[in-house]
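Q: This one is start_34.cif, mmCIF, C-alpha atoms and all ligand atoms.
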data_final
#
loop_
_atom_site.label_atom_id
_atom_site.label_comp_id
_atom_site.auth_asym_id
_atom_site.auth_seq_id
_atom_site.Cartn_x
_atom_site.Cartn_y
_atom_site.Cartn_z
CA MET A 1 0.00 0.00 0.00
CA ALA A 2 1.33 3.45 -0.95
CA GLN A 3 2.34 5.42 2.20
CA GLN A 4 1.90 9.13 1.56
CA ASP A 5 1.80 12.31 3.62
CA VAL A 6 -1.50 13.47 2.12
CA VAL A 7 -4.28 11.85 0.15
CA VAL A 8 -6.62 14.21 -1.71
CA ILE A 9 -9.94 12.85 -2.97
CA GLY A 10 -11.41 14.80 -5.90
CA GLY A 11 -9.49 16.10 -8.90
CA GLY A 12 -11.36 19.35 -9.60
CA ILE A 13 -9.60 22.69 -9.10
CA SER A 14 -10.19 22.53 -5.32
CA GLY A 15 -8.40 19.20 -4.92
CA LEU A 16 -5.74 20.01 -7.50
CA SER A 17 -4.85 23.35 -5.93
CA LEU A 18 -4.56 21.80 -2.47
CA ALA A 19 -2.42 18.99 -3.91
CA PHE A 20 -0.30 21.66 -5.59
CA TYR A 21 0.36 23.49 -2.29
CA CYS A 22 1.19 20.20 -0.55
CA SER A 23 3.63 19.14 -3.27
CA GLN A 24 5.28 22.59 -3.19
CA ALA A 25 5.89 22.06 0.52
CA GLY A 26 7.55 18.71 -0.20
CA MET A 27 4.68 16.55 1.08
CA LYS A 28 4.21 13.25 -0.73
CA THR A 29 0.72 13.65 -2.14
CA THR A 30 -1.72 11.29 -3.83
CA LEU A 31 -4.76 12.62 -5.68
CA ILE A 32 -7.69 10.32 -6.46
CA GLU A 33 -10.18 11.26 -9.18
CA LYS A 34 -13.06 9.03 -10.23
CA ASN A 35 -13.18 10.27 -13.84
CA LYS A 36 -10.60 9.30 -16.44
CA THR A 37 -9.32 12.88 -16.56
CA VAL A 38 -8.70 15.47 -13.86
CA GLY A 39 -10.47 18.84 -13.89
CA GLY A 40 -14.00 18.24 -12.59
CA SER A 41 -15.85 21.38 -13.70
CA PHE A 42 -12.75 22.33 -15.72
CA ALA A 43 -13.78 20.24 -18.70
CA SER A 44 -12.46 21.20 -22.14
CA PRO A 45 -12.98 18.20 -24.42
CA HIS A 46 -11.02 18.30 -27.67
CA TYR A 47 -12.33 17.31 -31.07
CA SER A 48 -10.30 16.62 -34.22
CA SER A 49 -11.46 16.15 -37.79
CA ASP A 50 -9.40 16.10 -41.00
CA GLY A 51 -6.42 17.56 -39.18
CA ASP A 52 -8.43 20.44 -37.67
CA SER A 53 -8.71 20.41 -33.92
CA PHE A 54 -11.04 22.28 -31.62
CA TRP A 55 -12.02 22.38 -27.94
CA LEU A 56 -14.98 23.75 -26.05
CA GLU A 57 -15.83 24.26 -22.38
CA LEU A 58 -18.41 22.03 -20.72
CA GLY A 59 -17.93 23.77 -17.39
CA ALA A 60 -16.00 26.84 -16.27
CA HIS A 61 -14.95 29.16 -19.08
CA THR A 62 -13.70 32.52 -17.74
CA CYS A 63 -10.97 33.61 -15.32
CA TYR A 64 -10.37 37.16 -14.10
CA SER A 65 -7.42 39.33 -13.10
CA SER A 66 -8.73 39.10 -9.54
CA TYR A 67 -8.00 35.34 -9.42
CA GLN A 68 -4.71 35.91 -7.66
CA ASN A 69 -4.36 32.51 -5.99
CA LEU A 70 -5.09 30.76 -9.27
CA LEU A 71 -2.61 33.00 -11.08
CA GLY A 72 0.06 32.14 -8.52
CA ILE A 73 -0.37 28.45 -9.37
CA VAL A 74 -0.49 29.12 -13.11
CA GLU A 75 2.81 30.97 -12.87
CA ALA A 76 4.45 28.31 -10.71
CA CYS A 77 3.39 25.69 -13.26
CA GLY A 78 5.07 27.72 -16.02
CA ILE A 79 1.91 28.14 -18.10
CA ALA A 80 1.31 31.90 -17.73
CA ASP A 81 2.23 32.24 -21.42
CA THR A 82 -0.80 30.11 -22.33
CA ILE A 83 -3.21 32.77 -21.01
CA ILE A 84 -5.22 34.14 -23.94
CA PRO A 85 -7.80 36.92 -24.20
CA ARG A 86 -11.49 36.28 -24.67
CA ALA A 87 -12.97 38.00 -27.73
CA LYS A 88 -15.55 40.66 -26.90
CA VAL A 89 -18.82 39.11 -28.01
CA PRO A 90 -22.12 39.87 -26.30
CA PHE A 91 -24.03 38.01 -23.63
CA SER A 92 -27.46 37.85 -25.23
CA LEU A 93 -31.05 37.15 -24.45
CA LEU A 94 -33.29 34.76 -26.38
CA LEU A 95 -36.78 36.25 -26.35
CA ASN A 96 -39.68 35.06 -28.52
CA GLY A 97 -37.26 33.07 -30.65
CA GLU A 98 -34.99 36.06 -31.34
CA VAL A 99 -31.50 36.70 -30.02
CA GLN A 100 -31.47 40.22 -28.57
CA SER A 101 -29.29 42.45 -26.47
CA ILE A 102 -29.81 42.24 -22.71
CA MET A 103 -30.85 45.90 -22.68
CA LYS A 104 -33.93 44.96 -24.71
CA GLY A 105 -35.13 42.88 -21.79
CA LEU A 106 -34.86 45.77 -19.33
CA ASN A 107 -37.31 48.53 -18.54
CA ILE A 108 -34.94 51.50 -18.47
CA LEU A 109 -37.22 53.75 -16.42
CA GLU A 110 -37.56 51.14 -13.71
CA LEU A 111 -33.81 50.60 -13.79
CA LEU A 112 -33.08 54.33 -13.39
CA ARG A 113 -35.58 54.58 -10.54
CA SER A 114 -34.05 51.64 -8.68
CA ALA A 115 -30.31 51.97 -9.38
CA PRO A 116 -29.60 54.59 -6.66
CA ASN A 117 -30.35 51.82 -4.10
CA LEU A 118 -26.94 50.49 -5.04
CA PHE A 119 -25.43 53.18 -2.85
CA PHE A 120 -27.58 52.44 0.20
CA MET A 121 -28.12 48.70 0.28
CA LYS A 122 -25.71 46.15 1.71
CA LYS A 123 -25.56 42.59 0.39
CA GLU A 124 -25.08 40.97 3.80
CA ASN A 125 -28.09 38.96 5.01
CA GLN A 126 -29.90 39.57 1.73
CA THR A 127 -30.92 36.98 -0.82
CA VAL A 128 -30.15 37.52 -4.49
CA ARG A 129 -33.82 38.28 -4.98
CA SER A 130 -34.27 40.69 -2.07
CA TYR A 131 -31.09 42.61 -2.95
CA TYR A 132 -31.13 42.75 -6.76
CA SER A 133 -34.86 43.34 -7.13
CA LYS A 134 -34.22 46.62 -5.26
CA ILE A 135 -31.23 47.50 -7.44
CA VAL A 136 -32.80 46.84 -10.85
CA GLY A 137 -36.51 46.95 -9.98
CA GLU A 138 -38.96 44.13 -9.24
CA ASN A 139 -40.08 43.63 -12.86
CA ASN A 140 -36.61 43.86 -14.36
CA TYR A 141 -35.43 41.33 -11.81
CA ARG A 142 -38.28 38.89 -12.49
CA ASN A 143 -38.33 39.20 -16.28
CA THR A 144 -34.63 39.41 -17.11
CA VAL A 145 -31.98 39.79 -14.43
CA SER A 146 -32.95 36.73 -12.36
CA HIS A 147 -32.36 34.54 -15.41
CA PHE A 148 -28.79 35.79 -15.67
CA PHE A 149 -28.22 34.98 -12.02
CA ASN A 150 -29.78 31.54 -12.50
CA ALA A 151 -27.37 30.94 -15.37
CA VAL A 152 -24.32 31.32 -13.12
CA PRO A 153 -24.82 28.21 -10.96
CA SER A 154 -27.44 26.69 -13.34
CA GLN A 155 -30.31 26.67 -10.82
CA LEU A 156 -32.84 29.07 -9.33
CA THR A 157 -30.88 31.63 -7.33
CA ASP A 158 -33.65 33.71 -5.71
CA ASP A 159 -32.66 32.35 -2.27
CA PHE A 160 -28.86 32.42 -2.75
CA PRO A 161 -26.96 34.73 -0.37
CA ALA A 162 -26.38 37.94 -2.37
CA ASP A 163 -22.84 38.35 -1.06
CA MET A 164 -21.80 34.94 -2.41
CA MET A 165 -22.71 35.47 -6.05
CA PHE A 166 -20.33 38.14 -7.26
CA LYS A 167 -17.50 39.31 -5.08
CA SER A 168 -15.20 42.19 -5.56
CA ARG A 169 -11.54 41.26 -5.04
CA PRO A 170 -8.26 43.07 -5.59
CA LYS A 171 -7.17 42.77 -9.22
CA ARG A 172 -3.77 42.25 -10.76
CA LYS A 173 -2.97 45.08 -13.13
CA ASP A 174 -0.46 43.07 -15.18
CA VAL A 175 -3.01 40.44 -16.24
CA LEU A 176 -5.91 40.58 -18.72
CA LYS A 177 -9.20 41.51 -17.03
CA ASN A 178 -10.76 38.29 -18.23
CA TYR A 179 -9.09 35.44 -19.99
CA THR A 180 -8.95 31.76 -20.76
CA PHE A 181 -6.10 29.41 -21.70
CA LYS A 182 -4.86 27.91 -24.97
CA GLY A 183 -6.54 24.52 -24.97
CA GLY A 184 -9.17 25.62 -22.46
CA LEU A 185 -9.28 25.63 -18.66
CA GLN A 186 -8.70 21.91 -18.40
CA SER A 187 -5.13 22.55 -19.55
CA VAL A 188 -4.58 24.23 -16.17
CA ALA A 189 -5.85 21.12 -14.38
CA ASN A 190 -3.56 18.94 -16.51
CA ALA A 191 -0.55 21.16 -15.76
CA ILE A 192 -1.12 20.92 -12.01
CA ALA A 193 -1.63 17.15 -12.18
CA ALA A 194 1.68 16.80 -14.04
CA ARG A 195 3.66 18.41 -11.21
CA ASN A 196 6.40 16.39 -9.59
CA GLY A 197 5.35 15.21 -6.16
CA ILE A 198 1.69 14.59 -7.00
CA GLU A 199 0.79 10.99 -7.70
CA VAL A 200 -2.46 11.05 -9.64
CA HIS A 201 -4.90 8.13 -9.78
CA THR A 202 -7.73 8.66 -12.25
CA GLY A 203 -10.57 6.45 -13.41
CA SER A 204 -11.51 4.95 -10.05
CA ALA A 205 -13.71 6.49 -7.35
CA ALA A 206 -12.76 6.54 -3.69
CA GLU A 207 -15.27 4.17 -2.10
CA SER A 208 -14.39 4.27 1.56
CA ALA A 209 -12.17 6.06 4.04
CA MET A 210 -11.27 5.05 7.57
CA MET A 211 -8.61 5.58 10.17
CA SER A 212 -6.29 2.79 11.24
CA GLY A 213 -3.20 3.08 13.43
CA GLY A 214 -3.36 6.88 13.32
CA ARG A 215 -3.37 6.97 9.52
CA TYR A 216 -6.13 7.37 6.96
CA ILE A 217 -6.80 4.48 4.60
CA VAL A 218 -8.71 5.24 1.40
CA ARG A 219 -9.99 2.39 -0.74
CA THR A 220 -10.86 2.93 -4.42
CA ALA A 221 -13.32 1.06 -6.65
CA ASP A 222 -10.47 -0.77 -8.40
CA GLY A 223 -9.40 -2.34 -5.07
CA GLN A 224 -6.37 -0.13 -4.38
CA GLU A 225 -5.59 1.23 -0.92
CA HIS A 226 -3.86 4.50 -0.15
CA SER A 227 -2.53 5.36 3.28
CA ALA A 228 -1.69 8.88 4.45
CA GLY A 229 -1.31 10.93 7.59
CA ALA A 230 -3.66 13.64 6.30
CA LEU A 231 -6.93 13.33 4.39
CA VAL A 232 -8.36 16.03 2.12
CA LEU A 233 -11.86 15.81 0.70
CA ALA A 234 -12.42 17.97 -2.36
CA LEU A 235 -15.73 16.56 -3.51
CA PRO A 236 -19.32 17.72 -3.80
CA SER A 237 -20.70 17.88 -0.23
CA ALA A 238 -22.93 14.77 -0.45
CA ALA A 239 -20.05 12.62 -1.74
CA ALA A 240 -17.77 13.98 1.00
CA ALA A 241 -20.42 13.19 3.65
CA ARG A 242 -20.67 9.58 2.46
CA LEU A 243 -16.91 9.06 2.60
CA LEU A 244 -16.67 10.54 6.09
CA GLN A 245 -19.26 8.22 7.68
CA ASN A 246 -16.53 6.03 9.21
CA VAL A 247 -14.07 8.87 9.80
CA ASN A 248 -15.96 11.63 11.57
CA GLN A 249 -19.73 11.47 11.93
CA ALA A 250 -20.11 15.03 13.18
CA VAL A 251 -18.46 16.48 10.06
CA ALA A 252 -20.31 13.98 7.86
CA HIS A 253 -23.65 14.99 9.39
CA HIS A 254 -22.83 18.70 9.02
CA LEU A 255 -22.13 18.16 5.31
CA THR A 256 -25.51 16.48 4.80
CA GLN A 257 -27.18 19.80 5.64
CA LEU A 258 -25.99 21.29 2.34
CA LYS A 259 -27.92 20.91 -0.88
CA SER A 260 -26.60 20.73 -4.43
CA ALA A 261 -27.96 20.71 -7.95
CA ASP A 262 -27.10 18.58 -10.97
CA VAL A 263 -26.51 20.27 -14.30
CA ASP A 264 -26.82 18.25 -17.50
CA SER A 265 -24.31 19.84 -19.83
CA ILE A 266 -24.22 19.02 -23.54
CA GLY A 267 -21.58 20.41 -25.87
CA VAL A 268 -21.99 20.44 -29.63
CA VAL A 269 -19.43 21.21 -32.33
CA VAL A 270 -20.67 22.57 -35.64
CA ARG A 271 -18.84 23.61 -38.82
CA LYS A 272 -18.82 27.38 -39.03
CA GLU A 273 -20.59 27.53 -42.37
CA ASN A 274 -23.51 25.51 -41.02
CA VAL A 275 -24.68 27.94 -38.37
CA SER A 276 -25.81 31.52 -38.95
CA LEU A 277 -26.23 32.58 -35.30
CA LYS A 278 -24.26 35.80 -34.71
CA PRO A 279 -21.21 35.39 -32.44
CA VAL A 280 -22.24 35.42 -28.77
CA ALA A 281 -20.47 34.72 -25.48
CA ALA A 282 -23.61 33.13 -24.05
CA ILE A 283 -27.35 33.05 -24.48
CA ILE A 284 -29.85 33.16 -21.65
CA SER A 285 -33.42 32.17 -22.43
CA PRO A 286 -35.86 33.01 -19.62
CA ASN A 287 -37.87 30.03 -18.31
CA ASP A 288 -36.35 27.65 -20.85
CA THR A 289 -35.22 24.04 -20.40
CA PHE A 290 -31.61 25.21 -20.28
CA PHE A 291 -30.14 27.78 -17.90
CA SER A 292 -27.54 29.04 -20.36
CA MET A 293 -25.83 28.26 -23.62
CA VAL A 294 -22.13 29.17 -23.42
CA SER A 295 -20.37 29.47 -26.76
CA ARG A 296 -16.73 29.09 -27.82
CA ASP A 297 -17.07 32.27 -29.93
CA THR A 298 -14.86 33.98 -27.32
CA VAL A 299 -11.87 32.19 -28.85
CA LYS A 300 -12.14 32.39 -32.62
CA ASP A 301 -11.60 29.33 -34.77
CA ASP A 302 -11.33 29.07 -38.56
CA ASN A 303 -13.38 25.92 -38.92
CA PHE A 304 -15.69 25.22 -36.01
CA ARG A 305 -18.03 26.75 -33.49
CA GLY A 306 -18.89 25.11 -30.20
CA PHE A 307 -21.86 25.54 -27.87
CA ALA A 308 -22.38 24.15 -24.37
CA PHE A 309 -26.00 23.94 -23.23
CA HIS A 310 -26.49 23.69 -19.46
CA PHE A 311 -29.85 21.96 -19.03
CA ARG A 312 -32.11 21.53 -16.05
CA PRO A 313 -31.80 17.91 -14.85
CA GLY A 314 -34.34 15.24 -15.76
CA LEU A 315 -34.97 15.97 -19.46
CA ASP A 316 -34.68 13.18 -21.99
CA ASP A 317 -32.11 13.37 -24.79
CA ASN A 318 -34.73 13.93 -27.51
CA ALA A 319 -36.04 17.02 -25.75
CA LYS A 320 -32.53 18.38 -25.21
CA PHE A 321 -31.38 17.89 -28.79
CA LYS A 322 -34.64 19.26 -30.17
CA ARG A 323 -34.04 22.45 -28.18
CA ILE A 324 -30.39 22.65 -29.25
CA SER A 325 -31.42 22.34 -32.86
CA GLU A 326 -34.09 25.07 -32.47
CA VAL A 327 -31.77 27.53 -30.71
CA LEU A 328 -28.93 27.08 -33.18
CA GLY A 329 -31.33 27.00 -36.13
CA ILE A 330 -29.75 23.88 -37.62
CA GLY A 331 -30.82 20.30 -38.30
CA LEU A 332 -29.31 17.61 -36.06
CA PRO A 333 -27.25 16.06 -38.92
CA LYS A 334 -25.26 19.31 -39.03
CA ILE A 335 -23.96 18.68 -35.54
CA GLU A 336 -20.52 17.24 -36.11
CA HIS A 337 -19.67 16.18 -32.59
CA THR A 338 -21.43 15.89 -29.21
CA VAL A 339 -20.05 15.60 -25.66
CA THR A 340 -21.90 15.38 -22.37
CA LYS A 341 -21.04 16.01 -18.74
CA LEU A 342 -22.84 16.02 -15.43
CA ASN A 343 -21.76 18.98 -13.31
CA VAL A 344 -22.65 19.20 -9.62
CA VAL A 345 -23.03 22.67 -8.13
CA PRO A 346 -23.81 23.75 -4.56
CA SER A 347 -27.18 25.31 -3.71
CA LEU A 348 -26.25 27.95 -1.16
CA ARG A 349 -28.78 29.57 1.17
CA LEU A 350 -28.85 32.52 3.58
CA GLY A 351 -26.95 31.58 6.71
CA HIS A 352 -24.29 29.76 4.71
CA ARG A 353 -21.46 31.68 6.37
CA GLU A 354 -22.58 30.28 9.74
CA TRP A 355 -22.61 26.82 8.20
CA ALA A 356 -19.03 27.33 6.95
CA ARG A 357 -17.88 28.66 10.34
CA LYS A 358 -19.34 25.66 12.11
CA ALA A 359 -17.65 23.35 9.57
CA ASP A 360 -14.31 24.97 10.37
CA ASP A 361 -14.92 24.61 14.12
CA LEU A 362 -15.64 20.91 13.66
CA LEU A 363 -12.54 20.43 11.51
CA ILE A 364 -10.26 21.97 14.14
CA GLY A 365 -11.12 19.08 16.46
CA THR A 366 -10.20 16.40 13.88
CA LYS A 367 -6.95 14.61 13.29
CA ASN A 368 -5.52 16.01 10.05
CA LEU A 369 -8.82 16.10 8.20
CA TYR A 370 -9.28 18.90 5.62
CA LEU A 371 -12.21 19.97 3.48
CA THR A 372 -12.15 22.12 0.39
CA GLY A 373 -14.58 22.75 -2.45
CA ASN A 374 -16.87 25.27 -4.02
CA TYR A 375 -19.27 25.27 -1.06
CA PHE A 376 -17.20 27.32 1.39
CA GLY A 377 -16.43 30.87 0.28
CA GLY A 378 -18.36 30.69 -2.99
CA MET A 379 -18.49 28.89 -6.32
CA ALA A 380 -15.99 30.95 -8.33
CA ILE A 381 -12.71 29.29 -9.21
CA GLU A 382 -10.83 31.77 -7.04
CA ASP A 383 -13.06 30.91 -4.06
CA CYS A 384 -12.09 27.25 -4.48
CA VAL A 385 -8.36 27.96 -4.70
CA ALA A 386 -8.51 30.43 -1.80
CA ARG A 387 -10.23 27.79 0.35
CA SER A 388 -7.55 25.25 -0.58
CA HIS A 389 -4.88 27.79 0.32
CA ASP A 390 -6.46 28.32 3.75
CA GLU A 391 -6.76 24.59 4.37
CA PHE A 392 -3.14 24.10 3.31
CA ASP A 393 -2.06 26.81 5.79
CA ARG A 394 -3.94 24.96 8.53
CA MET A 395 -2.19 21.74 7.54
CA ALA A 396 1.24 23.37 7.38
CA ALA A 397 0.77 24.91 10.82
CA LYS A 398 0.28 21.43 12.29
CA ARG A 399 3.53 20.00 10.90
C1 LIG B 1 -21.19 25.01 -16.09
C2 LIG B 1 -20.29 25.76 -15.12
C3 LIG B 1 -19.67 26.95 -15.50
C4 LIG B 1 -18.85 27.63 -14.61
N1 LIG B 1 -18.20 28.76 -15.03
C5 LIG B 1 -17.32 29.37 -14.21
C6 LIG B 1 -16.52 30.44 -14.69
O1 LIG B 1 -16.58 30.79 -15.88
N2 LIG B 1 -15.67 31.06 -13.82
C7 LIG B 1 -15.58 30.67 -12.51
O2 LIG B 1 -14.82 31.28 -11.74
N3 LIG B 1 -16.30 29.61 -12.04
C8 LIG B 1 -17.14 28.95 -12.87
N4 LIG B 1 -17.84 27.87 -12.42
C9 LIG B 1 -17.64 27.41 -11.04
C10 LIG B 1 -16.34 26.60 -10.88
O3 LIG B 1 -15.91 26.10 -12.11
C11 LIG B 1 -16.54 25.45 -9.92
O4 LIG B 1 -17.14 25.92 -8.72
C12 LIG B 1 -15.21 24.76 -9.60
O5 LIG B 1 -14.53 24.39 -10.77
C13 LIG B 1 -15.51 23.55 -8.71
O6 LIG B 1 -14.31 22.89 -8.43
P1 LIG B 1 -14.27 21.76 -7.32
O7 LIG B 1 -12.95 21.12 -7.41
O8 LIG B 1 -14.68 22.32 -6.01
O9 LIG B 1 -15.43 20.74 -7.72
P2 LIG B 1 -15.54 19.85 -9.01
O10 LIG B 1 -14.96 20.52 -10.18
O11 LIG B 1 -16.96 19.40 -9.07
O12 LIG B 1 -14.58 18.60 -8.68
C14 LIG B 1 -14.96 17.57 -7.82
C15 LIG B 1 -14.28 16.30 -8.35
O13 LIG B 1 -14.51 15.23 -7.47
C16 LIG B 1 -14.64 14.05 -8.24
N5 LIG B 1 -15.28 13.02 -7.44
C17 LIG B 1 -16.57 12.96 -6.99
N6 LIG B 1 -16.75 11.85 -6.24
C18 LIG B 1 -15.55 11.20 -6.19
C19 LIG B 1 -15.07 10.03 -5.56
N7 LIG B 1 -15.88 9.25 -4.80
N8 LIG B 1 -13.78 9.66 -5.72
C20 LIG B 1 -12.93 10.43 -6.46
N9 LIG B 1 -13.33 11.57 -7.10
C21 LIG B 1 -14.61 11.95 -6.96
C22 LIG B 1 -15.47 14.52 -9.43
O14 LIG B 1 -15.37 13.61 -10.49
C23 LIG B 1 -14.84 15.88 -9.71
O15 LIG B 1 -13.77 15.77 -10.63
C24 LIG B 1 -18.65 27.13 -13.30
C25 LIG B 1 -19.26 25.93 -12.90
C26 LIG B 1 -20.06 25.24 -13.81
C27 LIG B 1 -20.67 23.92 -13.38
#
Go ahead and render the structure in this file as structure tokens.
A:
Amino acid sequence: MAQQDVVVIGGGISGLSLAFYCSQAGMKTTLIEKNKTVGGSFASPHYSSDGDSFWLELGAHTCYSSYQNLLGIVEACGIADTIIPRAKVPFSLLLNGEVQSIMKGLNILELLRSAPNLFFMKKENQTVRSYYSKIVGENNYRNTVSHFFNAVPSQLTDDFPADMMFKSRPKRKDVLKNYTFKGGLQSVANAIAARNGIEVHTGSAAESAMMSGGRYIVRTADGQEHSAGALVLALPSAAAARLLQNVNQAVAHHLTQLKSADVDSIGVVVRKENVSLKPVAAIISPNDTFFSMVSRDTVKDDNFRGFAFHFRPGLDDNAKFKRISEVLGIGLPKIEHTVTKLNVVPSLRLGHREWARKADDLLIGTKNLYLTGNYFGGMAIEDCVARSHDEFDRMAAKR
């Protein structure tokens, strides 16, 4: 059985960034990921045809100059030169079958009447609905703006804590305001996984965790066992709760109080000449079967266009492809390539900060148990990496 300092379960950006910090500190680190590739919600499948190759994003797609922890890792991995700009194409609204500018969906008078509230209202202890309906007006919120918020975590966000949706953070002036990477965001995940000092096991889920002789033992579906002095869980909360049943019931129970949502993501690749839709960054269609359609038009390609539709869960494939065909205005035979992914996203509620504080209190009493993920400080990539940084600091302080 491999004897390591740290075993990290979950190969999304939360687990990868924590594994990165551990390996930098010289800790022997194993990372276990159930899928064949690392990345989790960093999913940039590639497609090749007749020598032309293309990628699209089935999950996260944009990074910002304020992602300072992420940028630190990118630089340490030597891939800062793969940062590329995103082309300026509009976020658009699909209304009555027509792609329109967002402004068309807004009542400007109501917006002007409500906007001064921005200077008086605080986001703390407000839901997305209670805060933003005051800032943009009740009707604007209901008819248009709420659908943009729903598109961010692909679920209804009325009850989300307002201060967890968009955060302002200090920005780096020497980096593009928003950017992606050559080859897509998954290339960042791959670069971290390739670091010396991180032993990566993909393609087999962690099935159980327990403590024996003062060390954690993690068993994977393919029958392997990994032993380490410290255990990191970087999984969706429900999966983390299941694995902790035999490790720490109090933490496991606390995790069961969180809810999450599944997002059925479908990516399609189409030859450029076969689709007449004007270039867009994303399309939001109020009250539709999908929360958003995110396009690859932000990184131009000579041959292909790619579109990721993030559907509500529970629809059958026929319904999903029918809608894709309607929105793109093309027949299904024109779709050259299709990829699917199930993303899991947290459903945060007011009071979440108290939940996170209590989680940290419980963790302090454990023996080298660490939790990271997108359900602590927020869902943004930088929130995940910042959480991993904090958990690594806690681990380093114990050494
Ligand atoms: C569609 C979409 C678009 C987004 N766009 C952006 C964006 O543009 N910018 C931004 O900042 N944020 C964006 N986000 C949010 C951000 O990408 C995520 O919050 C973040 O990537 C989550 O990382 P994570 O590692 O916490 O979780 P995940 O990426 O979900 O990783 C968890 C990993 O655990 C693995 N796993 C689960 N169970 C087991 C098990 N038993 N054993 C081993 N492995 C297991 C999973 O396979 C997965 O790889 C987006 C999210 C989604 C879903």
Q: Considering all atoms listed in the file, state which residue in the set A:Ala234, A:Asn196, A:Gln186, A:Ile324 is at the smallest distance from Val385 of chain A.
A: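 Residue with the minimum atom-to-atom distance to Val385 of chain A: A:Ala234.
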Q: With a distance cut-off of 7 Å and only C-alpha atoms, select the neighbouring residues of Tyr370 of chain A, excluding the residue or stretch itself and same-chain residues fewer than 2 positions from it, and output the selection as a PyMOL selection string.
A: chain A and resi 231-233+363+368+372+391
Q: Using all atoms listed in the file, what are the residues with an atom within 7 Å of ligand LIG 1 (chain B), set out as a PyMOL selection string?
A: chain A and resi 9-15+32-35+38-42+58-63+152-153+204-207+234-236+239+263+310+343-345+372-374+379-382+384
Q: With distances taken over only C-alpha atoms, which of A:Ser48, A:Arg349, A:Ser66, A:Ser133 is nearest to Asp159 of chain A?
A: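 Going through A:Ser48, A:Arg349, A:Ser66, A:Ser133 one by one, the smallest distance to Asp159 of chain A is for A:Arg349.
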Q: I'd like the contact shell of Val6 of chain A - 9 Å cut-off, all atoms listed in the file, skipping same-chain residues fewer than 3 positions apart - returned as a list in words.
A: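 These residues fall inside the cut-off: Gln3, Ala19, Cys22, Met27, Lys28, Thr29, Thr30, Leu31, Ser227, Ala228, Gly229, Ala230, Leu231 and Val232 of chain A.
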Q: Grab the atom CA of Gln224 of chain A to atom CA of Gly203 of chain A distance for me, in Å with one decimal place.
A: 11.9 Å
Q: Quick one: of A:His352, A:Lys272, A:Arg195, A:His201, who's nearest to Glu225 of chain A, counting only C-alpha atoms?
A: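 The shortest atom-to-atom distance to Glu225 of chain A comes from A:His201.
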Q: List as a tab-separated table every residue of segment 266-370 of chain A that is in contact with segment 173-185 of chain A, defined as an atom at most 10 Å from one of its atoms (using all atoms listed in the file), together with the nearest atom pair and the distance in Å rounded to one decimal, sorted by chain and then rising number.
A:
residue	atom	partner	partner_atom	distance
A:Arg296	CA	A:Gly184	CA	9.9
A:Thr298	CA	A:Thr180	CA	9.1
A:Val299	CA	A:Thr180	CA	8.6
Q: Quick check, in Å to one decimal: how far apart do atom CA of Gln4 of chain A and atom CA of His389 of chain A lie?
A: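 Calculated distance between atom CA of Gln4 of chain A and atom CA of His389 of chain A is 19.9 Å.
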Q: Check the smallest atom-to-atom distance from each of A:Ala396, A:Ser130, A:Leu371, A:Asn96 to Ala25 of chain A using all atoms listed in the file, then report the winner.
A: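 Looking only at the distances to Ala25 of chain A, the closest residue turns out to be A:Ala396.
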Q: Measure the distance from atom CA of Ser260 of chain A to atom CA of Asn140 of chain A in Å and round it to one decimal.
A: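 Interatomic distance here is 27.1 Å.
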Q: Using all atoms listed in the file, which of A:Ile83, A:Met164, A:Arg271, A:Pro313 sits nearest Leu71 of chain A?
A: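 Counting all atoms listed in the file, the residue closest to Leu71 of chain A is A:Ile83.
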Q: Find the residues near Phe160 of chain A: any atom within 12 Å, counting all atoms listed in the file, skip ones fewer than 6 places away on the same chain, and give them as a compact mmCIF listing (two decimals) with C-alpha atoms, in the coordinates of the input.
A:
# COMPACT_ATOMS: atom_id res chain seq x y z
CA LYS A 123 -25.56 42.59 0.39
CA GLU A 124 -25.08 40.97 3.80
CA ASN A 125 -28.09 38.96 5.01
CA GLN A 126 -29.90 39.57 1.73
CA THR A 127 -30.92 36.98 -0.82
CA VAL A 128 -30.15 37.52 -4.49
CA ARG A 129 -33.82 38.28 -4.98
CA SER A 130 -34.27 40.69 -2.07
CA TYR A 131 -31.09 42.61 -2.95
CA TYR A 132 -31.13 42.75 -6.76
CA SER A 146 -32.95 36.73 -12.36
CA PHE A 149 -28.22 34.98 -12.02
CA ASN A 150 -29.78 31.54 -12.50
CA VAL A 152 -24.32 31.32 -13.12
CA PRO A 153 -24.82 28.21 -10.96
CA PHE A 166 -20.33 38.14 -7.26
CA LYS A 259 -27.92 20.91 -0.88
CA PRO A 346 -23.81 23.75 -4.56
CA SER A 347 -27.18 25.31 -3.71
CA LEU A 348 -26.25 27.95 -1.16
CA ARG A 349 -28.78 29.57 1.17
CA LEU A 350 -28.85 32.52 3.58
CA GLY A 351 -26.95 31.58 6.71
CA HIS A 352 -24.29 29.76 4.71
CA ARG A 353 -21.46 31.68 6.37
CA GLY A 378 -18.36 30.69 -2.99
CA MET A 379 -18.49 28.89 -6.32
